[in-house]
Each structure stands twice: as C-alpha cells, then as structure tokens.
$ cat work-v8.cif   # mmCIF, C-alpha atoms
data_run
#
loop_
_atom_site.label_atom_id
_atom_site.label_comp_id
_atom_site.auth_asym_id
_atom_site.auth_seq_id
_atom_site.Cartn_x
_atom_site.Cartn_y
_atom_site.Cartn_z
CA MET A 101 -113.07 231.92 38.83
CA PRO A 102 -111.04 229.13 40.38
CA ALA A 103 -112.16 227.85 43.76
CA LEU A 104 -108.64 227.32 45.15
CA LEU A 105 -107.32 230.63 46.42
CA PRO A 106 -103.78 231.63 47.46
CA THR A 107 -103.77 233.30 50.89
CA PRO A 108 -101.32 235.75 52.49
CA PHE A 109 -100.53 233.04 55.05
CA THR A 110 -97.03 231.63 54.69
CA GLY A 111 -94.85 229.50 56.91
CA THR A 112 -91.27 228.30 57.07
CA VAL A 113 -90.32 224.65 56.93
CA THR A 114 -88.34 224.11 60.15
CA TRP A 115 -88.05 220.31 60.06
CA LEU A 116 -88.40 217.38 57.67
CA GLY A 117 -88.38 213.68 58.41
CA ARG A 118 -89.46 210.24 57.33
CA VAL A 119 -90.19 206.87 58.87
CA THR A 120 -88.54 204.14 56.84
CA ASP A 121 -89.89 201.08 58.68
CA SER A 122 -92.67 201.58 61.18
CA THR A 123 -92.54 197.92 62.21
CA ALA A 124 -89.03 198.62 63.59
CA THR A 125 -89.72 202.08 65.02
CA LEU A 126 -92.36 204.78 64.70
CA ARG A 127 -89.64 207.36 65.18
CA ALA A 128 -88.75 209.50 62.16
CA GLU A 129 -85.25 210.13 60.86
CA THR A 130 -84.44 213.79 60.28
CA LEU A 131 -83.88 215.13 56.77
CA THR A 132 -82.59 218.48 55.55
CA ALA A 133 -84.29 218.14 52.18
CA THR A 134 -86.36 215.58 50.33
CA GLN A 135 -88.26 214.84 47.18
CA LEU A 136 -92.06 214.89 47.22
CA ALA A 137 -93.38 212.31 44.76
CA PHE A 138 -96.99 211.36 43.94
CA GLY A 139 -96.47 208.45 46.32
CA GLY A 140 -95.26 210.70 49.14
CA ILE A 141 -91.79 211.22 50.60
CA ASP A 142 -89.09 209.06 49.03
CA GLY A 143 -88.43 206.04 51.22
CA ASP A 144 -91.16 206.79 53.75
CA CYS A 145 -93.19 203.76 54.81
CA HIS A 146 -96.30 205.97 54.97
CA GLY A 147 -96.03 206.50 51.21
CA GLY A 148 -97.93 204.91 48.38
CA LEU A 149 -100.84 205.91 46.18
CA THR A 150 -103.12 203.57 48.14
CA ARG A 151 -102.98 202.09 51.63
CA PRO A 152 -104.92 199.51 53.64
CA ALA A 153 -107.75 201.14 55.60
CA CYS A 154 -106.91 201.35 59.31
CA VAL A 155 -108.83 201.89 62.53
CA ARG A 156 -109.11 205.62 61.76
CA THR A 157 -111.45 204.90 58.86
CA LYS A 158 -113.45 202.12 60.48
CA ALA A 159 -116.68 204.11 60.11
CA GLN A 160 -116.14 203.96 56.33
CA TYR A 161 -114.14 200.83 55.42
CA PRO A 162 -113.36 197.39 56.84
CA GLN A 163 -109.75 197.36 58.03
CA GLY A 164 -107.39 196.31 55.27
CA THR A 165 -109.58 197.60 52.41
CA GLU A 166 -107.46 199.23 49.69
CA ILE A 167 -108.19 202.95 49.72
CA ARG A 168 -106.43 206.01 48.37
CA ASN A 169 -103.68 207.16 50.71
CA VAL A 170 -104.45 210.60 52.11
CA ARG A 171 -102.02 210.03 55.00
CA GLN A 172 -98.73 210.14 53.08
CA LEU A 173 -97.51 213.06 55.17
CA SER A 174 -97.98 214.17 58.77
CA VAL A 175 -97.52 217.95 58.94
CA LEU A 176 -97.47 219.91 62.20
CA SER A 177 -96.77 223.46 63.24
CA ALA A 178 -93.91 224.55 65.46
CA GLU A 179 -96.40 226.60 67.47
CA ASP A 180 -98.64 223.57 68.14
CA LEU A 181 -95.60 221.49 69.14
CA ASP A 182 -94.49 224.23 71.55
CA ALA A 183 -97.97 224.32 73.09
CA ILE A 184 -97.99 220.53 73.48
CA ALA A 185 -94.56 220.67 75.16
CA ALA A 186 -95.69 223.44 77.53
CA ASP A 187 -98.80 221.50 78.54
CA MET A 188 -96.73 218.37 79.14
CA GLY A 189 -94.07 220.19 81.15
CA LEU A 190 -91.33 219.51 78.59
CA ASP A 191 -88.94 222.02 77.06
CA ALA A 192 -89.68 220.82 73.53
CA ILE A 193 -91.26 218.06 71.49
CA ASP A 194 -88.97 216.31 69.05
CA PRO A 195 -91.06 215.86 65.87
CA ALA A 196 -89.22 212.57 65.34
CA TRP A 197 -91.12 211.13 68.33
CA LEU A 198 -94.36 211.72 66.40
CA GLY A 199 -93.15 210.13 63.18
CA ALA A 200 -93.72 213.52 61.55
CA SER A 201 -92.96 214.42 57.94
CA MET A 202 -92.81 218.21 58.11
CA VAL A 203 -92.95 221.03 60.65
CA ILE A 204 -94.00 224.52 59.61
CA GLN A 205 -93.70 227.74 61.56
CA GLY A 206 -95.90 230.79 61.01
CA ILE A 207 -99.42 229.62 60.09
CA PRO A 208 -101.84 230.22 62.98
CA ASP A 209 -104.10 227.44 64.30
CA PHE A 210 -102.43 225.19 61.78
CA THR A 211 -104.20 222.00 62.87
CA HIS A 212 -107.52 223.51 61.75
CA VAL A 213 -106.66 224.99 58.36
CA PRO A 214 -109.53 224.15 55.99
CA PRO A 215 -109.69 220.59 54.62
CA SER A 216 -108.57 220.48 50.96
CA SER A 217 -106.18 223.38 51.55
CA ARG A 218 -102.87 223.19 49.69
CA LEU A 219 -99.37 224.03 50.90
CA GLN A 220 -97.08 225.05 48.07
CA MET A 221 -93.29 224.97 48.21
CA PRO A 222 -90.94 227.39 46.42
CA SER A 223 -90.08 224.60 43.94
CA GLY A 224 -93.74 224.51 42.86
CA ALA A 225 -94.31 221.18 44.62
CA SER A 226 -97.50 221.14 46.62
CA ILE A 227 -99.38 218.97 49.05
CA THR A 228 -103.12 218.68 49.62
CA ILE A 229 -104.30 218.67 53.20
CA ASP A 230 -106.93 216.01 53.82
CA MET A 231 -108.00 217.18 57.27
CA GLU A 232 -107.06 217.44 60.93
CA ASN A 233 -105.04 214.59 62.35
CA ARG A 234 -106.07 213.16 65.72
CA PRO A 235 -103.64 212.19 68.46
CA CYS A 236 -103.14 208.54 69.35
CA VAL A 237 -101.08 206.87 72.07
CA TYR A 238 -98.10 205.74 69.93
CA PRO A 239 -96.05 208.97 70.06
CA GLY A 240 -96.42 208.82 73.83
CA ARG A 241 -94.63 205.45 73.80
CA GLU A 242 -91.71 206.99 71.89
CA ILE A 243 -91.65 209.95 74.27
CA GLU A 244 -91.65 207.57 77.23
CA LYS A 245 -88.42 205.99 75.97
CA ASP A 246 -86.59 209.35 76.07
CA ARG A 247 -88.51 211.19 78.82
CA ALA A 248 -89.76 208.60 81.29
CA GLY A 249 -93.04 209.57 82.91
CA PHE A 250 -94.06 211.99 80.19
CA GLY A 251 -95.41 209.57 77.57
CA PRO A 252 -99.01 209.39 78.81
CA LYS A 253 -99.22 213.18 78.86
CA PHE A 254 -98.93 213.37 75.05
CA LYS A 255 -102.36 212.37 73.83
CA PRO A 256 -104.41 214.84 75.93
CA ALA A 257 -101.89 217.66 75.34
CA ALA A 258 -101.96 217.05 71.57
CA GLN A 259 -105.71 217.48 71.24
CA ASP A 260 -106.40 220.14 68.55
CA ARG A 261 -102.63 220.39 67.95
CA ARG A 262 -101.78 217.18 66.09
CA GLY A 263 -101.45 218.91 62.74
CA VAL A 264 -102.88 217.58 59.50
CA THR A 265 -102.43 214.67 57.13
CA ALA A 266 -101.62 215.39 53.51
CA TRP A 267 -100.69 213.91 50.14
CA VAL A 268 -98.63 215.13 47.21
CA GLU A 269 -100.56 216.99 44.49
CA ARG A 270 -97.52 218.17 42.51
CA GLU A 271 -94.09 216.60 42.69
CA GLY A 272 -90.86 218.42 43.49
CA PRO A 273 -88.24 219.09 46.13
CA VAL A 274 -88.65 220.68 49.55
CA ALA A 275 -85.94 221.72 52.01
CA VAL A 276 -85.71 223.01 55.56
CA GLY A 277 -85.86 226.82 55.37
CA ASP A 278 -88.35 226.85 52.48
CA THR A 279 -91.24 229.30 52.65
CA VAL A 280 -94.58 227.59 52.02
CA THR A 281 -97.81 229.30 51.00
CA LEU A 282 -101.28 228.29 52.12
CA HIS A 283 -104.04 228.03 49.49
CA ILE A 284 -107.60 227.44 50.68
CA PRO A 285 -110.98 226.53 49.17
CA ASP A 286 -112.76 229.82 48.52
CA GLN A 287 -116.31 228.78 49.36
CA PRO A 288 -119.00 229.45 51.96
CA ILE A 289 -119.31 227.37 55.10
CA TRP A 290 -121.95 224.65 54.63
CA ALA A 291 -125.08 225.71 56.49
CA HIS A 292 -125.86 222.23 57.86
CA LEU A 293 -122.79 221.44 59.96
CA PRO A 294 -123.64 219.57 63.16
CA ASP A 295 -123.35 221.60 66.35
CA ALA A 296 -119.75 221.50 67.51
CA MET B 13 -111.23 209.41 67.51
CA PRO B 14 -111.31 209.52 63.73
CA ALA B 15 -111.72 212.91 62.09
CA LEU B 16 -113.99 211.70 59.25
CA LEU B 17 -117.53 211.46 60.56
CA PRO B 18 -120.61 209.83 58.99
CA THR B 19 -123.59 212.21 58.95
CA PRO B 20 -127.34 211.58 58.85
CA PHE B 21 -127.39 213.27 55.42
CA THR B 22 -128.10 210.85 52.61
CA GLY B 23 -129.06 211.29 48.99
CA THR B 24 -130.26 209.20 46.08
CA VAL B 25 -128.30 208.83 42.87
CA THR B 26 -130.74 210.02 40.19
CA TRP B 27 -128.37 210.15 37.21
CA LEU B 28 -124.97 208.86 36.10
CA GLY B 29 -122.95 209.78 33.04
CA ARG B 30 -119.57 210.01 31.42
CA VAL B 31 -117.80 211.99 28.73
CA THR B 32 -115.78 209.66 26.56
CA ASP B 33 -114.07 212.21 24.28
CA SER B 34 -114.29 215.87 25.24
CA THR B 35 -112.53 216.91 22.02
CA ALA B 36 -115.58 215.56 20.13
CA THR B 37 -118.27 216.75 22.57
CA LEU B 38 -118.47 217.97 26.15
CA ARG B 39 -121.85 216.32 26.43
CA ALA B 40 -122.07 213.25 28.67
CA GLU B 41 -123.63 209.93 27.73
CA THR B 42 -126.13 208.60 30.27
CA LEU B 43 -125.38 205.46 32.27
CA THR B 44 -127.59 203.38 34.54
CA ALA B 45 -124.65 201.98 36.48
CA THR B 46 -120.88 202.21 36.38
CA GLN B 47 -117.69 201.15 38.04
CA LEU B 48 -115.73 203.64 40.13
CA ALA B 49 -112.01 202.92 39.83
CA PHE B 50 -109.04 204.75 41.38
CA GLY B 51 -108.71 206.51 38.03
CA GLY B 52 -112.35 207.61 38.00
CA ILE B 53 -115.30 206.38 35.96
CA ASP B 54 -114.46 203.65 33.46
CA GLY B 55 -114.02 205.17 30.02
CA ASP B 56 -114.45 208.79 31.12
CA CYS B 57 -111.98 211.20 29.56
CA HIS B 58 -111.89 213.13 32.84
CA GLY B 59 -110.33 210.08 34.50
CA GLY B 60 -106.73 209.34 35.39
CA LEU B 61 -104.66 209.49 38.57
CA THR B 62 -103.00 212.67 37.30
CA ARG B 63 -104.01 215.36 34.81
CA PRO B 64 -102.40 218.39 33.18
CA ALA B 65 -103.05 221.55 35.20
CA CYS B 66 -105.64 223.78 33.52
CA VAL B 67 -106.74 227.39 33.76
CA ARG B 68 -108.60 226.62 37.00
CA THR B 69 -105.32 226.04 38.83
CA LYS B 70 -103.32 228.84 37.21
CA ALA B 71 -102.74 230.48 40.61
CA GLN B 72 -100.86 227.31 41.61
CA TYR B 73 -99.38 225.63 38.52
CA PRO B 74 -98.32 226.50 34.99
CA GLN B 75 -100.85 225.05 32.55
CA GLY B 76 -99.90 221.54 31.50
CA THR B 77 -98.04 220.69 34.74
CA GLU B 78 -98.73 217.11 35.82
CA ILE B 79 -100.79 217.24 39.01
CA ARG B 80 -102.99 214.77 40.84
CA ASN B 81 -106.45 214.62 39.33
CA VAL B 82 -109.06 215.83 41.82
CA ARG B 83 -111.53 216.48 38.98
CA GLN B 84 -112.30 212.88 37.99
CA LEU B 85 -115.99 213.36 38.74
CA SER B 86 -118.42 216.26 38.49
CA VAL B 87 -121.22 215.71 41.00
CA LEU B 88 -124.30 217.93 41.22
CA SER B 89 -127.56 217.91 43.12
CA ALA B 90 -130.98 217.59 41.54
CA GLU B 91 -132.09 220.52 43.69
CA ASP B 92 -129.31 222.79 42.39
CA LEU B 93 -130.09 221.77 38.79
CA ASP B 94 -133.78 222.58 39.33
CA ALA B 95 -132.85 226.00 40.72
CA ILE B 96 -130.57 226.68 37.74
CA ALA B 97 -133.37 225.69 35.35
CA ALA B 98 -135.88 227.93 37.15
CA ASP B 99 -133.52 230.91 37.01
CA MET B 100 -132.88 230.32 33.31
CA GLY B 101 -136.56 229.91 32.49
CA LEU B 102 -136.18 226.27 31.43
CA ASP B 103 -138.25 223.31 32.58
CA ALA B 104 -135.17 221.26 33.41
CA ILE B 105 -131.42 221.04 32.97
CA ASP B 106 -130.16 217.89 31.31
CA PRO B 107 -127.03 216.90 33.32
CA ALA B 108 -125.56 215.63 30.05
CA TRP B 109 -125.23 219.26 28.89
CA LEU B 110 -122.87 219.86 31.82
CA GLY B 111 -120.69 216.81 31.18
CA ALA B 112 -121.73 215.64 34.64
CA SER B 113 -120.78 212.33 36.24
CA MET B 114 -123.42 211.99 38.95
CA VAL B 115 -126.57 213.72 40.18
CA ILE B 116 -127.74 213.27 43.76
CA GLN B 117 -131.05 214.22 45.30
CA GLY B 118 -131.57 214.93 48.98
CA ILE B 119 -128.46 216.66 50.37
CA PRO B 120 -129.16 220.35 51.05
CA ASP B 121 -126.86 223.10 49.72
CA PHE B 122 -124.91 220.32 48.05
CA THR B 123 -122.49 222.62 46.21
CA HIS B 124 -121.11 223.79 49.55
CA VAL B 125 -120.68 220.54 51.48
CA PRO B 126 -117.34 220.73 53.30
CA PRO B 127 -114.19 220.16 51.22
CA SER B 128 -112.71 216.68 51.90
CA SER B 129 -116.18 215.28 52.56
CA ARG B 130 -116.80 211.75 51.32
CA LEU B 131 -119.85 210.28 49.59
CA GLN B 132 -120.17 206.56 50.17
CA MET B 133 -122.20 204.21 47.99
CA PRO B 134 -124.06 201.09 49.20
CA SER B 135 -121.33 198.94 47.57
CA GLY B 136 -118.76 200.53 49.90
CA ALA B 137 -117.24 202.54 47.05
CA SER B 138 -116.62 206.13 48.01
CA ILE B 139 -115.54 209.40 46.49
CA THR B 140 -113.68 212.30 48.08
CA ILE B 141 -115.00 215.76 47.37
CA ASP B 142 -112.21 218.21 46.59
CA MET B 143 -114.27 221.37 46.75
CA GLU B 144 -116.95 223.49 45.06
CA ASN B 145 -116.93 223.51 41.29
CA ARG B 146 -117.29 226.85 39.52
CA PRO B 147 -119.42 227.43 36.43
CA CYS B 148 -117.77 228.13 33.09
CA VAL B 149 -119.25 228.98 29.69
CA TYR B 150 -118.91 225.55 28.05
CA PRO B 151 -122.17 223.99 29.30
CA GLY B 152 -123.92 227.08 27.97
CA ARG B 153 -122.65 226.21 24.49
CA GLU B 154 -124.16 222.72 24.76
CA ILE B 155 -127.44 224.17 26.05
CA GLU B 156 -127.47 226.64 23.16
CA LYS B 157 -127.45 223.74 20.68
CA ASP B 158 -130.67 222.28 22.17
CA ARG B 159 -132.34 225.42 23.56
CA ALA B 160 -131.34 228.34 21.38
CA GLY B 161 -131.13 231.60 23.29
CA PHE B 162 -130.69 229.99 26.70
CA GLY B 163 -126.98 229.14 26.59
CA PRO B 164 -125.65 232.45 27.93
CA LYS B 165 -128.03 232.25 30.89
CA PHE B 166 -126.25 229.18 32.29
CA LYS B 167 -123.12 230.60 33.87
CA PRO B 168 -124.80 233.26 36.04
CA ALA B 169 -127.64 230.91 37.03
CA ALA B 170 -125.15 228.17 38.01
CA GLN B 171 -123.28 230.34 40.51
CA ASP B 172 -123.21 228.50 43.88
CA ARG B 173 -125.03 225.55 42.24
CA ARG B 174 -122.37 223.94 40.06
CA GLY B 175 -121.84 221.02 42.43
CA VAL B 176 -118.45 219.67 43.42
CA THR B 177 -115.50 217.88 41.90
CA ALA B 178 -114.43 214.56 43.35
CA TRP B 179 -112.12 211.57 42.99
CA VAL B 180 -112.41 207.91 43.89
CA GLU B 181 -111.14 206.93 47.35
CA ARG B 182 -112.44 203.35 47.32
CA GLU B 183 -113.30 201.40 44.21
CA GLY B 184 -116.62 199.72 43.53
CA PRO B 185 -119.90 199.91 41.61
CA VAL B 186 -122.58 202.60 41.75
CA ALA B 187 -126.02 202.59 40.13
CA VAL B 188 -128.91 204.97 39.64
CA GLY B 189 -131.19 204.55 42.65
CA ASP B 190 -128.35 203.99 45.13
CA THR B 191 -128.52 205.77 48.47
CA VAL B 192 -125.30 207.64 49.23
CA THR B 193 -124.15 208.82 52.66
CA LEU B 194 -122.28 212.03 53.36
CA HIS B 195 -119.22 211.88 55.66
CA ILE B 196 -117.62 215.16 56.72
CA PRO B 197 -114.42 216.31 58.43
CA ASP B 198 -115.29 216.66 62.10
CA GLN B 199 -113.18 219.72 62.94
CA PRO B 200 -113.61 223.35 63.94
CA ILE B 201 -113.82 226.14 61.37
CA TRP B 202 -110.40 227.77 60.93
CA ALA B 203 -110.43 231.10 62.75
CA HIS B 204 -108.51 232.99 60.05
CA LEU B 205 -110.74 232.62 57.00
CA PRO B 206 -110.84 235.76 54.85
CA ASP B 207 -114.05 237.77 55.03
CA ALA B 208 -116.51 236.30 52.58
#
$ encode --input "work-v8.cif" --output "structure tokens"
Amino acid sequence: MPALLPTPFTGTVTWLGRVTDSTATLRAETLTATQLAFGGIDGDCHGGLTRPACVRTKAQYPQGTEIRNVRQLSVLSAEDLDAIAADMGLDAIDPAWLGASMVIQGIPDFTHVPPSSRLQMPSGASITIDMENRPCVYPGREIEKDRAGFGPKFKPAAQDRRGVTAWVEREGPVAVGDTVTLHIPDQPIWAHLPDA
Amino acid sequence: MPALLPTPFTGTVTWLGRVTDSTATLRAETLTATQLAFGGIDGDCHGGLTRPACVRTKAQYPQGTEIRNVRQLSVLSAEDLDAIAADMGLDAIDPAWLGASMVIQGIPDFTHVPPSSRLQMPSGASITIDMENRPCVYPGREIEKDRAGFGPKFKPAAQDRRGVTAWVEREGPVAVGDTVTLHIPDQPIWAHLPDA
C-alpha cells in the first residue's frame, strides 16, 4: 500500500505570483498562470534545485552552505491571510507584500497541513510541502510602504498563518481558478514528539 | 524562529549499503563508508534527482512520469529489523536482503519519525526523510534464496517497521559508526487528519 494518500480536501488557487529580483524588491508580481518546473516557478528568484543555507537553517548548516532548495514556493491560504488582516486591522493582505507564490482557498488550518504533504494541480503538476513557514519582519516592511503604521503588526498576526514552503515534485502548468487536491502521508503520529 | 528543530534523539549508523543494478539483483552490497551526493549514494541505482513514477505513486502519477526522487535512500532501524526477525522466527535480518541504504540504532519507533524530518551526519551531510516506507514482497524473495521457507513471512512482519525513504539535502560523507542527529518539523499536528 502506498504511504501517500489522496484526501477529500481540495482548494482553489486564488492567486499566483513570483519575485523576479529580491535584491530590488521582495514584493511579488501577480500572475494568472505559470509553469511549475523542477527548479520552481519560471523566473522566480526563489527557484533553483539548490540554494545557499540561510538564517532559517542555522541550527543545521553554516550560512551559505549549498543545500537542496525546499523553499522554491511560498504557499498560503486565503483564510489565513484574512485572519492576519483582521488581526492587523486591515481590510485585506495583498499576497504580493509577502512575496508569495500561491494562495489557496478551502483547505482548513492550511499552515499546519502535514509536512511532506503534496498539492496536486489539475494538470498533474504537484508540489511537495516541506513544512510550516514562519513569519519574519520583511513583509512588514513592504506593508509599511503601502499602509503606514501597519508594518510592525504583521509578524505577530502571521504567527501560525504564514503558510508553507514547497518545491516542485512533478512539472506542469497551474492557473488561477485551478482546483488543487491535498495528499498526505498516511502514517501514525510519532510517539516521541516533544511537548508542544 | 526556524521550523526545523534539532532533537535530543541520536542514533548510530550500524550499516551502509547500495544496490548497483536492481535488474541483476535487489540485494545491496555492504559499504563501510560512502559519499552522499544530491543524487543519492554514489553508484546506487536508486539515485538520481528524478525518477520514473512507480506503482507506489499510482494515486498521484501515471507510471513512468518523471518526478523528483524522494526514494534515493532506504533507511531502517536496527531495532525494527530485530523485531521483524523475531516475528519471522529468524536470528537476524540482513539489511542487504532489503536493498537498504542505511541502518541506524537508537532512535525509537524509527519508521514513524515525522515526515520532513532530517538526519544529520557528523560531516554535516544530511538527508531529508520523505515518509514511512511500506513493505513489499521483493525482500521476501531475496530472503527465500538464503532462508528457504521464510520469504513469505517478511511482508507481514515488516508492517510498521520498514523504515523510511529519504533524499540528500546536504552533500558529504557518512561512515559506519557515525552518530546521526534527528531534526523534526516543530509544528502542531494538523487538526483534520483522517481517523487512523
């Protein structure tokens, strides 16, 4: 029996974007459709099969070490973005402020879907979720440019709502409006997890 | 805060191996040390950055579809192998029969460590665990050649003990005797898991 199991959980792609040069701006440009390649989203500066280790992996690797790139895509849910906006006192969060790759509507508690889950597109393309993403201060700086005074509110409001990072497992196209299906590892919870 | 967390759980590498040509034999040759590259273990036919989808991913991909290779390595625990042997009525299981890549001693319930966990070697090399592996009949055929009558006992005895599949996140050497450290995703359990 395979260990990767399709679930009844589906979502709709409501937004796609890419960041072409993060040294110029962290803000994403909006796309209506794109190609998912083994290196990530075409033209996205977060792409590549490997990447230099950053501060997020400092407990594992010296910064700059060449490691496999499990952060090709930043995927969030529309519901989490709405909750962040509500907590910040904003009408909405523009995913472009976050340098996001994809927004999905319809999968509950999306930020905490199981690590190694897959999201499959109607084209057959799929992405593997590494794990939860954690908020940092940079999106707040982008928000501050458009909504002065609100930038610092981002990081605390985005706790447990920052979505996931992912990489391309099978290549193919994806478009806004696509229905995506969640596949999860079908295995017991490890009995030795530290107390949360 | 990073989401990938070192744990106090460590293990010792007690065995290393590779399968150079699975069309000739599924049995692994034993190694005392090897190099972990982004494509897997040097000279192992299970290596490669991508692989053709197999029957294990038939719920996701037509067989033969090019997908990223999350099955570069087959890693098992010495404790799980001992339990399989006991259930089968054998003194021991030779990991070579299973086409294994690595055996580790000291991490409890190893087959069910969280998906997207990492195992890091003293050299800094690390592997990412995709998820639980599931037993199939092929190791039983190898066992049958050496221990006639015992082959069919493998698959049921290996349930929940077949270890995990993994791929190389950071390159570097590993040797028998190395101490490996388990890193796990530090995130809550998804609230919508199907009933086990």
$ residues_near_point --input "work-v8.cif" --point "(-124.4, 217.9, 47.4)" --cutoff "9 Å" --atoms "only C-alpha atoms" --output "CSV table (one decimal) with C-alpha atoms, in the coordinates of the input"
chain,number,residue,atom,x,y,z
B,23,GLY,CA,-129.1,211.3,49.0
B,87,VAL,CA,-121.2,215.7,41.0
B,88,LEU,CA,-124.3,217.9,41.2
B,89,SER,CA,-127.6,217.9,43.1
B,90,ALA,CA,-131.0,217.6,41.5
B,91,GLU,CA,-132.1,220.5,43.7
B,92,ASP,CA,-129.3,222.8,42.4
B,115,VAL,CA,-126.6,213.7,40.2
B,116,ILE,CA,-127.7,213.3,43.8
B,117,GLN,CA,-131.0,214.2,45.3
B,118,GLY,CA,-131.6,214.9,49.0
B,119,ILE,CA,-128.5,216.7,50.4
B,120,PRO,CA,-129.2,220.4,51.0
B,121,ASP,CA,-126.9,223.1,49.7
B,122,PHE,CA,-124.9,220.3,48.0
B,123,THR,CA,-122.5,222.6,46.2
B,124,HIS,CA,-121.1,223.8,49.6
B,125,VAL,CA,-120.7,220.5,51.5
B,175,GLY,CA,-121.8,221.0,42.4
B,176,VAL,CA,-118.4,219.7,43.4
B,194,LEU,CA,-122.3,212.0,53.4
$ interface_residues --input "work-v8.cif" --of "chain A" --to "chain B" --cutoff "8 Å" --atoms "only C-alpha atoms" --output "mmCIF file with C-alpha atoms, in the frame of the given file"
data_model
loop_
_atom_site.group_PDB
_atom_site.id
_atom_site.type_symbol
_atom_site.label_atom_id
_atom_site.label_comp_id
_atom_site.auth_asym_id
_atom_site.auth_seq_id
_atom_site.Cartn_x
_atom_site.Cartn_y
_atom_site.Cartn_z
ATOM 1 C CA MET A 101 -113.070 231.920 38.830
ATOM 2 C CA PRO A 102 -111.040 229.130 40.380
ATOM 3 C CA ALA A 103 -112.160 227.850 43.760
ATOM 4 C CA LEU A 104 -108.640 227.320 45.150
ATOM 5 C CA LEU A 105 -107.320 230.630 46.420
ATOM 6 C CA PRO A 106 -103.780 231.630 47.460
ATOM 7 C CA PHE A 138 -96.990 211.360 43.940
ATOM 8 C CA ARG A 156 -109.110 205.620 61.760
ATOM 9 C CA THR A 157 -111.450 204.900 58.860
ATOM 10 C CA ALA A 159 -116.680 204.110 60.110
ATOM 11 C CA GLN A 160 -116.140 203.960 56.330
ATOM 12 C CA TYR A 161 -114.140 200.830 55.420
ATOM 13 C CA GLU A 166 -107.460 199.230 49.690
ATOM 14 C CA ILE A 167 -108.190 202.950 49.720
ATOM 15 C CA ARG A 168 -106.430 206.010 48.370
ATOM 16 C CA PRO A 208 -101.840 230.220 62.980
ATOM 17 C CA ASP A 209 -104.100 227.440 64.300
ATOM 18 C CA HIS A 212 -107.520 223.510 61.750
ATOM 19 C CA VAL A 213 -106.660 224.990 58.360
ATOM 20 C CA PRO A 214 -109.530 224.150 55.990
ATOM 21 C CA PRO A 215 -109.690 220.590 54.620
ATOM 22 C CA SER A 216 -108.570 220.480 50.960
ATOM 23 C CA GLN A 220 -97.080 225.050 48.070
ATOM 24 C CA GLY A 224 -93.740 224.510 42.860
ATOM 25 C CA ASP A 230 -106.930 216.010 53.820
ATOM 26 C CA MET A 231 -108.000 217.180 57.270
ATOM 27 C CA GLU A 232 -107.060 217.440 60.930
ATOM 28 C CA ASN A 233 -105.040 214.590 62.350
ATOM 29 C CA ARG A 234 -106.070 213.160 65.720
ATOM 30 C CA VAL A 268 -98.630 215.130 47.210
ATOM 31 C CA GLU A 269 -100.560 216.990 44.490
ATOM 32 C CA ARG A 270 -97.520 218.170 42.510
ATOM 33 C CA GLU A 271 -94.090 216.600 42.690
ATOM 34 C CA PRO A 285 -110.980 226.530 49.170
ATOM 35 C CA GLN A 287 -116.310 228.780 49.360
ATOM 36 C CA PRO A 288 -119.000 229.450 51.960
ATOM 37 C CA ILE A 289 -119.310 227.370 55.100
ATOM 38 C CA TRP A 290 -121.950 224.650 54.630
ATOM 39 C CA ALA A 291 -125.080 225.710 56.490
ATOM 40 C CA HIS A 292 -125.860 222.230 57.860
ATOM 41 C CA ALA A 296 -119.750 221.500 67.510
#
$ atom_distance --input "work-v8.cif" --atom1 "atom CA of Arg159 of chain B" --atom2 "atom CA of Arg173 of chain B"
20.1 Å
$ atom_distance --input "work-v8.cif" --atom1 "atom CA of Ala169 of chain B" --atom2 "atom CA of Gly152 of chain B"
10.5 Å
$ resolve_selection --input "work-v8.cif" --expression "the PyMOL selection byres ((chain A and resi 130) around 9)" --output "number ranges by chain"
A: 115-118, 128-129, 131-132, 195-196, 201
$ atom_distance --input "work-v8.cif" --atom1 "atom CA of Phe162 of chain B" --atom2 "atom CA of Leu102 of chain B"
8.1 Å
$ resolve_selection --input "work-v8.cif" --expression "the PyMOL selection byres ((chain B and resi 158) around 12)" --output "ChimeraX atom specification"
/B:39,102,105-106,108-109,151-157,159-163
$ write_last_selection --input "work-v8.cif" --atoms "C-alpha atoms" --output "PDB file, keeping the file's coordinate frame"
ATOM      1  CA  ARG B  39    -121.850 216.320  26.430  1.00  0.00           C
ATOM      2  CA  LEU B 102    -136.180 226.270  31.430  1.00  0.00           C
ATOM      3  CA  ILE B 105    -131.420 221.040  32.970  1.00  0.00           C
ATOM      4  CA  ASP B 106    -130.160 217.890  31.310  1.00  0.00           C
ATOM      5  CA  ALA B 108    -125.560 215.630  30.050  1.00  0.00           C
ATOM      6  CA  TRP B 109    -125.230 219.260  28.890  1.00  0.00           C
ATOM      7  CA  PRO B 151    -122.170 223.990  29.300  1.00  0.00           C
ATOM      8  CA  GLY B 152    -123.920 227.080  27.970  1.00  0.00           C
ATOM      9  CA  ARG B 153    -122.650 226.210  24.490  1.00  0.00           C
ATOM     10  CA  GLU B 154    -124.160 222.720  24.760  1.00  0.00           C
ATOM     11  CA  ILE B 155    -127.440 224.170  26.050  1.00  0.00           C
ATOM     12  CA  GLU B 156    -127.470 226.640  23.160  1.00  0.00           C
ATOM     13  CA  LYS B 157    -127.450 223.740  20.680  1.00  0.00           C
ATOM     14  CA  ARG B 159    -132.340 225.420  23.560  1.00  0.00           C
ATOM     15  CA  ALA B 160    -131.340 228.340  21.380  1.00  0.00           C
ATOM     16  CA  GLY B 161    -131.130 231.600  23.290  1.00  0.00           C
ATOM     17  CA  PHE B 162    -130.690 229.990  26.700  1.00  0.00           C
ATOM     18  CA  GLY B 163    -126.980 229.140  26.590  1.00  0.00           C
TER      19      GLY B 163
END
$ closest_residue --input "work-v8.cif" --among "B:Ala170, B:Leu85, B:Leu93, B:Ala104" --to "Gly59 of chain B" --atoms "only C-alpha atoms"
B:Leu85
